[in-house]
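Colleague: Got a structure for you, upload_7.cif, holding mmCIF, C-alpha atoms.
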```
data_upload
loop_
_atom_site.group_PDB
_atom_site.id
_atom_site.type_symbol
_atom_site.label_atom_id
_atom_site.label_comp_id
_atom_site.auth_asym_id
_atom_site.auth_seq_id
_atom_site.Cartn_x
_atom_site.Cartn_y
_atom_site.Cartn_z
ATOM 1 C CA MET R 46 111.076 101.600 82.205
ATOM 2 C CA ASN R 47 114.830 102.165 82.422
ATOM 3 C CA HIS R 48 116.677 102.600 85.695
ATOM 4 C CA LEU R 49 119.640 104.878 86.417
ATOM 5 C CA ASP R 50 121.594 104.869 89.687
ATOM 6 C CA LEU R 51 123.717 107.980 89.177
ATOM 7 C CA THR R 52 125.093 110.474 91.679
ATOM 8 C CA LEU R 53 127.063 113.190 89.915
ATOM 9 C CA PRO R 54 129.976 115.029 91.574
ATOM 10 C CA SER R 55 128.209 118.285 92.501
ATOM 11 C CA ALA R 56 124.859 119.388 93.877
ATOM 12 C CA ALA R 57 124.254 121.525 90.782
ATOM 13 C CA GLU R 58 124.887 118.594 88.448
ATOM 14 C CA ASN R 59 122.507 116.333 90.341
ATOM 15 C CA LEU R 60 119.681 118.870 90.133
ATOM 16 C CA ALA R 61 120.461 119.579 86.483
ATOM 17 C CA CYS R 62 120.374 115.866 85.658
ATOM 18 C CA ASP R 63 116.667 115.584 86.469
ATOM 19 C CA GLU R 64 115.807 118.523 84.221
ATOM 20 C CA ALA R 65 118.064 117.189 81.461
ATOM 21 C CA LEU R 66 116.396 113.771 81.574
ATOM 22 C CA LEU R 67 112.987 115.422 81.231
ATOM 23 C CA ASP R 68 114.189 117.605 78.348
ATOM 24 C CA ASP R 69 115.671 114.573 76.628
ATOM 25 C CA ALA R 70 112.431 112.609 76.913
ATOM 26 C CA GLU R 71 110.401 115.551 75.631
ATOM 27 C CA GLN R 72 112.669 115.982 72.615
ATOM 28 C CA ARG R 73 113.431 112.375 71.714
ATOM 29 C CA GLY R 74 110.806 110.225 73.382
ATOM 30 C CA GLY R 75 111.818 106.719 74.363
ATOM 31 C CA ARG R 76 111.255 104.853 77.612
ATOM 32 C CA GLY R 77 110.539 106.268 81.015
ATOM 33 C CA VAL R 78 113.374 106.499 83.541
ATOM 34 C CA LEU R 79 113.678 105.810 87.269
ATOM 35 C CA ARG R 80 116.776 107.492 88.699
ATOM 36 C CA PHE R 81 118.393 107.311 92.161
ATOM 37 C CA TRP R 82 121.037 109.563 93.696
ATOM 38 C CA GLU R 83 122.362 110.523 97.126
ATOM 39 C CA SER R 84 124.580 113.494 97.889
ATOM 40 C CA PRO R 85 127.690 112.851 100.040
ATOM 41 C CA THR R 86 127.514 116.453 101.315
ATOM 42 C CA TYR R 87 124.746 118.616 102.738
ATOM 43 C CA PHE R 88 122.999 121.341 100.748
ATOM 44 C CA VAL R 89 119.628 123.098 100.842
ATOM 45 C CA VAL R 90 117.233 122.868 97.889
ATOM 46 C CA LEU R 91 114.462 125.425 97.474
ATOM 47 C CA GLY R 92 111.322 124.663 95.520
ATOM 48 C CA TYR R 93 110.944 126.620 92.293
ATOM 49 C CA ALA R 94 108.782 129.401 93.773
ATOM 50 C CA ASN R 95 110.167 129.490 97.342
ATOM 51 C CA LYS R 96 111.612 132.685 98.795
ATOM 52 C CA VAL R 97 115.016 131.942 100.238
ATOM 53 C CA ARG R 98 114.737 134.278 103.255
ATOM 54 C CA GLU R 99 111.457 132.651 104.281
ATOM 55 C CA GLU R 100 112.803 129.108 104.051
ATOM 56 C CA ALA R 101 116.478 128.989 105.079
ATOM 57 C CA ASP R 102 118.729 130.614 107.674
ATOM 58 C CA ILE R 103 121.186 132.065 105.166
ATOM 59 C CA GLU R 104 123.829 133.004 107.732
ATOM 60 C CA ALA R 105 123.690 129.579 109.383
ATOM 61 C CA CYS R 106 124.093 127.928 105.989
ATOM 62 C CA ARG R 107 127.107 130.096 105.193
ATOM 63 C CA ALA R 108 128.684 129.435 108.586
ATOM 64 C CA ARG R 109 128.389 125.667 108.064
ATOM 65 C CA GLY R 110 129.366 125.753 104.407
ATOM 66 C CA VAL R 111 125.967 124.452 103.289
ATOM 67 C CA PRO R 112 125.127 125.757 99.784
ATOM 68 C CA ILE R 113 121.604 126.846 98.858
ATOM 69 C CA LEU R 114 120.287 125.823 95.445
ATOM 70 C CA ARG R 115 116.916 125.893 93.685
ATOM 71 C CA ARG R 116 115.301 123.023 91.821
ATOM 72 C CA TYR R 117 113.148 122.916 88.699
ATOM 73 C CA SER R 118 109.973 121.683 90.417
ATOM 74 C CA GLY R 119 107.654 123.100 93.045
ATOM 75 C CA GLY R 120 107.135 121.903 96.582
ATOM 76 C CA GLY R 121 108.868 122.784 99.816
ATOM 77 C CA THR R 122 112.452 123.372 100.826
ATOM 78 C CA VAL R 123 114.512 120.309 101.755
ATOM 79 C CA LEU R 124 117.926 119.473 103.109
ATOM 80 C CA GLN R 125 119.983 117.073 101.028
ATOM 81 C CA GLY R 126 122.904 115.011 102.264
ATOM 82 C CA PRO R 127 124.096 111.576 103.365
ATOM 83 C CA GLY R 128 121.125 109.388 104.207
ATOM 84 C CA CYS R 129 118.723 111.330 101.990
ATOM 85 C CA LEU R 130 117.948 109.028 99.072
ATOM 86 C CA ASN R 131 116.537 110.787 96.016
ATOM 87 C CA TYR R 132 114.468 109.208 93.297
ATOM 88 C CA SER R 133 113.103 110.654 90.045
ATOM 89 C CA VAL R 134 110.662 109.190 87.547
ATOM 90 C CA ILE R 135 110.301 110.485 83.999
ATOM 91 C CA LEU R 136 106.844 109.496 82.748
ATOM 92 C CA LYS R 137 105.056 109.908 79.418
ATOM 93 C CA ILE R 138 101.773 111.663 80.130
ATOM 94 C CA SER R 139 99.791 109.715 77.538
ATOM 95 C CA ASP R 140 100.820 106.365 79.054
ATOM 96 C CA ALA R 141 98.151 106.450 81.769
ATOM 97 C CA PRO R 142 94.909 108.369 82.307
ATOM 98 C CA GLU R 143 96.066 109.095 85.875
ATOM 99 C CA LEU R 144 98.879 111.277 84.497
ATOM 100 C CA GLN R 145 96.627 113.785 82.735
ATOM 101 C CA SER R 146 96.520 116.322 85.596
ATOM 102 C CA ILE R 147 98.731 117.457 88.459
ATOM 103 C CA THR R 148 96.341 116.246 91.147
ATOM 104 C CA ALA R 149 95.737 112.844 89.576
ATOM 105 C CA THR R 150 99.463 112.376 88.998
ATOM 106 C CA ASN R 151 100.154 113.123 92.650
ATOM 107 C CA ARG R 152 97.670 110.456 93.736
ATOM 108 C CA PHE R 153 98.933 107.921 91.198
ATOM 109 C CA VAL R 154 102.643 108.215 92.015
ATOM 110 C CA MET R 155 102.252 108.597 95.759
ATOM 111 C CA GLU R 156 100.005 105.552 96.082
ATOM 112 C CA ARG R 157 102.392 103.429 94.059
ATOM 113 C CA ASN R 158 105.325 104.536 96.201
ATOM 114 C CA ARG R 159 103.319 104.026 99.388
ATOM 115 C CA GLN R 160 102.459 100.464 98.490
ATOM 116 C CA SER R 161 106.036 99.662 97.476
ATOM 117 C CA LEU R 162 107.469 100.811 100.822
ATOM 118 C CA ALA R 163 104.767 99.609 103.203
ATOM 119 C CA SER R 164 106.313 96.178 103.734
ATOM 120 C CA LEU R 165 109.751 97.687 104.447
ATOM 121 C CA VAL R 166 108.717 100.246 107.034
ATOM 122 C CA GLY R 167 107.091 97.881 109.549
ATOM 123 C CA LYS R 168 104.190 100.211 110.315
ATOM 124 C CA ALA R 169 101.367 101.820 108.373
ATOM 125 C CA VAL R 170 102.524 104.197 105.642
ATOM 126 C CA THR R 171 100.119 106.983 104.670
ATOM 127 C CA VAL R 172 99.977 109.698 102.044
ATOM 128 C CA GLU R 173 99.654 113.035 103.834
ATOM 129 C CA GLY R 174 99.188 116.581 102.573
ATOM 130 C CA HIS R 175 99.474 116.439 98.804
ATOM 131 C CA THR R 176 102.785 114.635 98.305
ATOM 132 C CA ASP R 177 104.197 113.452 101.645
ATOM 133 C CA LEU R 178 104.671 109.913 102.873
ATOM 134 C CA ALA R 179 104.460 109.418 106.624
ATOM 135 C CA ALA R 180 104.751 106.622 109.161
ATOM 136 C CA GLY R 181 102.974 107.101 112.473
ATOM 137 C CA GLY R 182 102.203 110.697 111.516
ATOM 138 C CA LEU R 183 105.883 111.510 110.919
ATOM 139 C CA LYS R 184 107.044 112.548 107.465
ATOM 140 C CA PHE R 185 109.862 110.626 105.801
ATOM 141 C CA SER R 186 109.322 111.531 102.143
ATOM 142 C CA GLY R 187 108.533 114.774 100.302
ATOM 143 C CA ASN R 188 107.809 114.964 96.577
ATOM 144 C CA ALA R 189 107.158 117.374 93.704
ATOM 145 C CA GLN R 190 106.578 117.383 89.961
ATOM 146 C CA ARG R 191 107.283 119.370 86.806
ATOM 147 C CA ARG R 192 105.304 118.919 83.598
ATOM 148 C CA LYS R 193 106.000 119.562 79.945
ATOM 149 C CA ARG R 194 103.704 118.920 76.992
ATOM 150 C CA ASP R 195 104.256 115.165 76.621
ATOM 151 C CA TRP R 196 106.389 114.099 79.603
ATOM 152 C CA LEU R 197 106.598 114.852 83.305
ATOM 153 C CA LEU R 198 109.181 114.659 86.065
ATOM 154 C CA PHE R 199 108.094 113.425 89.496
ATOM 155 C CA HIS R 200 110.804 113.291 92.130
ATOM 156 C CA GLY R 201 111.277 113.124 95.860
ATOM 157 C CA THR R 202 113.327 112.142 98.870
ATOM 158 C CA PHE R 203 113.444 109.379 101.465
ATOM 159 C CA LEU R 204 115.087 110.105 104.822
ATOM 160 C CA LEU R 205 117.074 107.051 105.881
ATOM 161 C CA ARG R 206 119.050 106.130 108.991
ATOM 162 C CA ASP R 207 122.280 108.050 108.238
ATOM 163 C CA PHE R 208 120.600 111.441 107.801
ATOM 164 C CA ASP R 209 121.328 114.137 110.430
ATOM 165 C CA LEU R 210 117.854 115.270 111.481
ATOM 166 C CA ASN R 211 119.254 117.791 113.993
ATOM 167 C CA LEU R 212 120.782 119.807 111.150
ATOM 168 C CA LEU R 213 117.282 120.596 109.906
ATOM 169 C CA GLU R 214 116.558 122.821 112.902
ATOM 170 C CA LYS R 215 119.862 124.645 112.557
ATOM 171 C CA ILE R 216 119.566 125.771 108.942
ATOM 172 C CA LEU R 217 115.905 125.533 107.829
ATOM 173 C CA LEU R 218 113.248 127.969 109.019
ATOM 174 C CA PRO R 219 109.679 126.862 109.794
ATOM 175 C CA PRO R 220 108.034 126.746 106.355
ATOM 176 C CA PRO R 221 105.490 129.505 105.684
ATOM 177 C CA ARG R 222 103.065 126.963 104.189
ATOM 178 C CA GLN R 223 102.441 123.818 106.209
ATOM 179 C CA PRO R 224 100.106 120.841 105.729
ATOM 180 C CA VAL R 225 97.380 120.456 108.326
ATOM 181 C CA TYR R 226 98.821 117.198 109.676
ATOM 182 C CA ARG R 227 102.035 118.982 110.669
ATOM 183 C CA GLN R 228 100.118 120.793 113.450
ATOM 184 C CA GLY R 229 102.831 123.399 113.877
ATOM 185 C CA ARG R 230 105.490 120.885 114.880
ATOM 186 C CA SER R 231 109.188 121.714 114.607
ATOM 187 C CA HIS R 232 111.275 119.955 111.974
ATOM 188 C CA THR R 233 112.667 117.341 114.351
ATOM 189 C CA LYS R 234 109.220 116.559 115.767
ATOM 190 C CA PHE R 235 107.625 116.371 112.334
ATOM 191 C CA VAL R 236 110.044 114.196 110.351
ATOM 192 C CA THR R 237 111.556 110.770 110.894
ATOM 193 C CA GLN R 238 114.079 108.405 109.359
ATOM 194 C CA LEU R 239 113.413 104.959 107.992
ATOM 195 C CA SER R 240 115.612 102.256 109.485
ATOM 196 C CA VAL R 241 115.905 100.748 106.037
ATOM 197 C CA ALA R 242 118.932 100.327 103.786
ATOM 198 C CA SER R 243 118.941 102.427 100.622
ATOM 199 C CA ASP R 244 119.393 99.295 98.477
ATOM 200 C CA ALA R 245 116.129 97.900 99.859
ATOM 201 C CA VAL R 246 114.250 101.088 98.950
ATOM 202 C CA LYS R 247 115.772 101.098 95.471
ATOM 203 C CA SER R 248 114.819 97.476 94.922
ATOM 204 C CA ALA R 249 111.233 98.085 96.034
ATOM 205 C CA LEU R 250 110.840 101.075 93.728
ATOM 206 C CA ARG R 251 112.390 99.284 90.770
ATOM 207 C CA GLN R 252 109.810 96.545 91.229
ATOM 208 C CA ALA R 253 106.968 99.027 91.637
ATOM 209 C CA TRP R 254 107.885 100.920 88.474
ATOM 210 C CA ASP R 255 108.944 97.869 86.468
ATOM 211 C CA ALA R 256 112.330 99.530 85.928
ATOM 212 C CA HIS R 257 114.719 96.735 84.997
ATOM 213 C CA THR R 258 116.618 98.005 81.946
ATOM 214 C CA PRO R 259 119.777 100.044 82.603
ATOM 215 C CA GLN R 260 119.729 103.594 81.214
ATOM 216 C CA THR R 261 122.913 104.004 79.166
ATOM 217 C CA ASP R 262 122.237 107.307 77.384
ATOM 218 C CA ILE R 263 122.948 110.166 79.791
ATOM 219 C CA PRO R 264 122.448 113.749 78.471
ATOM 220 C CA ARG R 265 125.770 115.023 79.780
ATOM 221 C CA GLU R 266 126.024 118.005 77.430
ATOM 222 C CA ARG R 267 122.598 119.253 78.516
ATOM 223 C CA ILE R 268 123.524 118.726 82.177
ATOM 224 C CA ALA R 269 126.662 120.827 81.741
ATOM 225 C CA GLN R 270 124.679 123.525 79.938
ATOM 226 C CA LEU R 271 122.065 123.693 82.692
ATOM 227 C CA VAL R 272 124.742 123.889 85.389
ATOM 228 C CA ALA R 273 126.489 126.758 83.600
ATOM 229 C CA GLU R 274 123.322 128.688 82.765
ATOM 230 C CA LYS R 275 121.190 127.993 85.839
ATOM 231 C CA TYR R 276 122.121 125.763 88.769
ATOM 232 C CA SER R 277 125.531 127.293 89.499
ATOM 233 C CA ARG R 278 124.246 130.860 89.399
ATOM 234 C CA ASP R 279 123.028 133.012 92.289
ATOM 235 C CA ASP R 280 120.535 134.733 89.969
ATOM 236 C CA TRP R 281 118.729 131.392 89.733
ATOM 237 C CA ASN R 282 119.314 129.983 93.210
ATOM 238 C CA LEU R 283 118.920 133.081 95.389
ATOM 239 C CA SER R 284 117.020 135.639 93.317
ATOM 240 C CA ARG R 285 113.674 135.223 95.111
#
```
As structure tokens - that is how I would like this structure written.

Modeller:
Amino acid sequence: MNHLDLTLPSAAENLACDEALLDDAEQRGGRGVLRFWESPTYFVVLGYANKVREEADIEACRARGVPILRRYSGGGTVLQGPGCLNYSVILKISDAPELQSITATNRFVMERNRQSLASLVGKAVTVEGHTDLAAGGLKFSGNAQRRKRDWLLFHGTFLLRDFDLNLLEKILLPPPRQPVYRQGRSHTKFVTQLSVASDAVKSALRQAWDAHTPQTDIPRERIAQLVAEKYSRDDWNLSR
């Protein structure tokens, strides 16, 4: 698998990059890709089907200059920003029997990530809900996927020590759909940060996914197209 450590200048470009990498794999094939990125500024990302007024305090976001965008995959709403390390894996569905369905893919990817991080965290790491990683019952990673005919995108976040957890309460609403293990807890009582450097997490995931070849071909034209047609537009980000 190839690896790509690439943070693009804008929130829209970073979201578009994941979709562009999936499109590129679907059209041209090749090797899988493990990508990392981390936004230097805060922004909200809705899951594909989320309703913005149920997930985010729109006025609070505007007052703080925090943009609201929508991603290509499902899952819950998240806050991006410094200390939130993102990863994405582009996988060929036929490469493993565990990738043939959504549920099996969730189990396959989450267990691999869990094992790779367990030695770094210093306490038991568990898979909770469908696609959360937690330590001591506190969530530190949320994940989602998007599938095409031959390839899939699986991506997620890791909350690390520089992330401002208090900002979650100020701009995100309690999600309308919650996993049982959340038990109605507020954002700050439900999530935690890992006291782990981002480089250590990247190294562990590169080992877990056998991603040691640099990705040199970046679909920049497709990224720009997706930004112009989708990720920079309110009719995509805020229409629901």

Colleague: Looking at R:Lys96, R:Leu66, R:Tyr117, R:Gly77, which one is nearest to Arg222 of chain R, with distances taken over only C-alpha atoms?

Modeller: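 For Arg222 of chain R, the nearest of the given residues is R:Lys96.
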
Colleague: Grab the atom CA of Ser231 of chain R to atom CA of Tyr276 of chain R distance for me, in Å with one decimal place.

Modeller: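 Result for atom CA of Ser231 of chain R versus atom CA of Tyr276 of chain R: 29.2 Å, one decimal.
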
Colleague: So that I can see what lies close to Leu49 of chain R, please list as a PDB file with C-alpha atoms, keeping the file's coordinate frame the residues with an atom at most 9 Å from it, counting all atoms listed in the file and leaving out residues fewer than 6 positions away in the same chain.

Modeller:
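Okay, selection.pdb is ready:
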```pdb
ATOM      1  CA  VAL R  78     113.374 106.499  83.541  1.00  0.00           C
ATOM      2  CA  LEU R  79     113.678 105.810  87.269  1.00  0.00           C
ATOM      3  CA  ARG R  80     116.776 107.492  88.699  1.00  0.00           C
ATOM      4  CA  PHE R  81     118.393 107.311  92.161  1.00  0.00           C
ATOM      5  CA  TRP R  82     121.037 109.563  93.696  1.00  0.00           C
ATOM      6  CA  THR R 258     116.618  98.005  81.946  1.00  0.00           C
ATOM      7  CA  PRO R 259     119.777 100.044  82.603  1.00  0.00           C
ATOM      8  CA  GLN R 260     119.729 103.594  81.214  1.00  0.00           C
ATOM      9  CA  THR R 261     122.913 104.004  79.166  1.00  0.00           C
TER      10      THR R 261
END
```

Colleague: Which residue is closest to Asp68 of chain R? Choose from R:Val170, R:Glu99, R:Ile263, R:Leu91 and count only C-alpha atoms.

Modeller: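 So, comparing all the options, the nearest one is R:Ile263.
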
Colleague: Choose the residue, out of R:Asp50, R:Asp102, R:Glu71, R:Asp195, that has the smallest atom-to-atom separation from Leu217 of chain R; count only C-alpha atoms.

Modeller: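 Among R:Asp50, R:Asp102, R:Glu71, R:Asp195, it is R:Asp102 that comes nearest to Leu217 of chain R.
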
Colleague: For Ala179 of chain R, please output as a list in words all residues within 10 Å (counting all atoms listed in the file; exclusion window: fewer than 3 positions along the same chain).

Modeller: Arg159, Lys168, Ala169, Val170, Thr171, Val172, Glu173, Gly174, Thr176, Gly182, Leu183, Lys184, Phe185, Ser186, Gly187, Phe235, Val236 and Thr237 of chain R

Colleague: Using all atoms listed in the file, find the one residue out of R:Asn95, R:Val89, R:Asp69, R:Ile147 that sits nearest to Ser284 of chain R.

Modeller: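 Of all the options, R:Asn95 lies closest to Ser284 of chain R.
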
Colleague: So what do you get for atom CA of His232 of chain R versus atom CA of Asp177 of chain R, distance-wise?

Modeller: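 Straight-line distance from atom CA of His232 of chain R to atom CA of Asp177 of chain R works out to 14.1 Å.
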
Colleague: Quick one, how far is atom CA of Arg115 of chain R from atom CA of Ala245 of chain R?

Modeller: 28.7 Å

Colleague: Around segment 140-153 of chain R, fit a box with edges along x, y and z, padding it by 8 Å on each side, then list its centre and edge lengths in Å to one decimal as lines of an AutoDock Vina configuration file.

Modeller:
```
center_x = 97.9
center_y = 111.9
center_z = 86.4
size_x = 21.9
size_y = 27.1
size_z = 30.7
```

Colleague: Here is a test: counting all atoms listed in the file, which residue of R:Lys234, R:Arg152, R:Arg98, R:His48 is nearest to Gln190 of chain R?

Modeller: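 Among the listed residues, the smallest separation from Gln190 of chain R belongs to R:Arg152.
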
Colleague: Identify all residues satisfying the PyMOL selection byres ((chain R and resi 194) around 12) in the given file; provide them as a list in words.

Modeller: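 Those residues are Leu67, Asp68, Ala70, Glu71, Gln72, Gly74, Leu136, Lys137, Ile138, Ser139, Leu144, Gln145, Ser146, Arg191, Arg192, Lys193, Asp195, Trp196, Leu197 and Leu198 of chain R.
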
Colleague: So, with only C-alpha atoms as the atoms that count, which of R:Asp244, R:Asp209, R:Ala65, R:Glu156 lies closest to Leu271 of chain R?

Modeller: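 The closest residue to Leu271 of chain R is R:Ala65.
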
Colleague: Could you spell out the hits of the PyMOL selection byres ((chain R and resi 83) around 6) on the shown file, as a PyMOL selection string?

Modeller: chain R and resi 82+84+130-131

Colleague: Could you list, as JSON, numbers by chain, every residue matched by the PyMOL selection byres ((chain R and resi 110-114) around 9) in this structure?

Modeller: {"R": [56, 57, 60, 86, 87, 88, 89, 90, 91, 97, 101, 103, 105, 106, 107, 108, 109, 115, 116, 216, 276, 277, 278, 279, 281, 282, 283]}

Colleague: I need the chosen residues saved as a JSON list (two decimals), in the coordinates of the input, with C-alpha atoms.

Modeller:
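That gives us part-v2.json:
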```json
[["chain", "number", "residue", "atom", "x", "y", "z"],
["R", 56, "ALA", "CA", 124.86, 119.39, 93.88],
["R", 57, "ALA", "CA", 124.25, 121.52, 90.78],
["R", 60, "LEU", "CA", 119.68, 118.87, 90.13],
["R", 86, "THR", "CA", 127.51, 116.45, 101.32],
["R", 87, "TYR", "CA", 124.75, 118.62, 102.74],
["R", 88, "PHE", "CA", 123.00, 121.34, 100.75],
["R", 89, "VAL", "CA", 119.63, 123.10, 100.84],
["R", 90, "VAL", "CA", 117.23, 122.87, 97.89],
["R", 91, "LEU", "CA", 114.46, 125.42, 97.47],
["R", 97, "VAL", "CA", 115.02, 131.94, 100.24],
["R", 101, "ALA", "CA", 116.48, 128.99, 105.08],
["R", 103, "ILE", "CA", 121.19, 132.06, 105.17],
["R", 105, "ALA", "CA", 123.69, 129.58, 109.38],
["R", 106, "CYS", "CA", 124.09, 127.93, 105.99],
["R", 107, "ARG", "CA", 127.11, 130.10, 105.19],
["R", 108, "ALA", "CA", 128.68, 129.44, 108.59],
["R", 109, "ARG", "CA", 128.39, 125.67, 108.06],
["R", 115, "ARG", "CA", 116.92, 125.89, 93.68],
["R", 116, "ARG", "CA", 115.30, 123.02, 91.82],
["R", 216, "ILE", "CA", 119.57, 125.77, 108.94],
["R", 276, "TYR", "CA", 122.12, 125.76, 88.77],
["R", 277, "SER", "CA", 125.53, 127.29, 89.50],
["R", 278, "ARG", "CA", 124.25, 130.86, 89.40],
["R", 279, "ASP", "CA", 123.03, 133.01, 92.29],
["R", 281, "TRP", "CA", 118.73, 131.39, 89.73],
["R", 282, "ASN", "CA", 119.31, 129.98, 93.21],
["R", 283, "LEU", "CA", 118.92, 133.08, 95.39]]
```

Colleague: Please work out which residues fall within 6 Å of (115.8, 109.2, 104.4), coordinates as given in the file, with only C-alpha atoms counting, and return them as a ChimeraX atom specification.

Modeller: /R:128-130,203-205,238

Colleague: Could you model N, CA and C atoms for segment 229-242 of chain R and present them as a tab-separated table (two decimals), keeping the file's coordinate frame?

Modeller:
```
chain	number	residue	atom	x	y	z
R	229	GLY	N	101.88	122.45	113.33
R	229	GLY	CA	102.83	123.40	113.88
R	229	GLY	C	104.08	122.81	114.48
R	230	ARG	N	104.33	121.53	114.26
R	230	ARG	CA	105.49	120.88	114.88
R	230	ARG	C	106.80	121.38	114.27
R	231	SER	N	107.85	121.37	115.08
R	231	SER	CA	109.19	121.71	114.61
R	231	SER	C	109.67	120.63	113.65
R	232	HIS	N	110.76	120.92	112.94
R	232	HIS	CA	111.28	119.96	111.97
R	232	HIS	C	111.56	118.60	112.62
R	233	THR	N	112.25	118.61	113.76
R	233	THR	CA	112.67	117.34	114.35
R	233	THR	C	111.51	116.57	114.97
R	234	LYS	N	110.39	117.25	115.25
R	234	LYS	CA	109.22	116.56	115.77
R	234	LYS	C	108.23	116.17	114.67
R	235	PHE	N	108.52	116.63	113.46
R	235	PHE	CA	107.62	116.37	112.33
R	235	PHE	C	108.15	115.30	111.38
R	236	VAL	N	109.47	115.15	111.30
R	236	VAL	CA	110.04	114.20	110.35
R	236	VAL	C	110.69	113.03	111.09
R	237	THR	N	110.92	111.96	110.34
R	237	THR	CA	111.56	110.77	110.89
R	237	THR	C	112.43	110.12	109.84
R	238	GLN	N	113.24	109.19	110.26
R	238	GLN	CA	114.08	108.40	109.36
R	238	GLN	C	113.54	106.99	109.29
R	239	LEU	N	113.71	106.38	108.13
R	239	LEU	CA	113.41	104.96	107.99
R	239	LEU	C	114.65	104.15	108.34
R	240	SER	N	114.49	103.15	109.17
R	240	SER	CA	115.61	102.26	109.48
R	240	SER	C	115.70	101.17	108.42
R	241	VAL	N	115.89	101.62	107.21
R	241	VAL	CA	115.90	100.75	106.04
R	241	VAL	C	117.12	101.09	105.19
R	242	ALA	N	117.78	100.09	104.65
R	242	ALA	CA	118.93	100.33	103.79
R	242	ALA	C	118.47	100.92	102.45
```
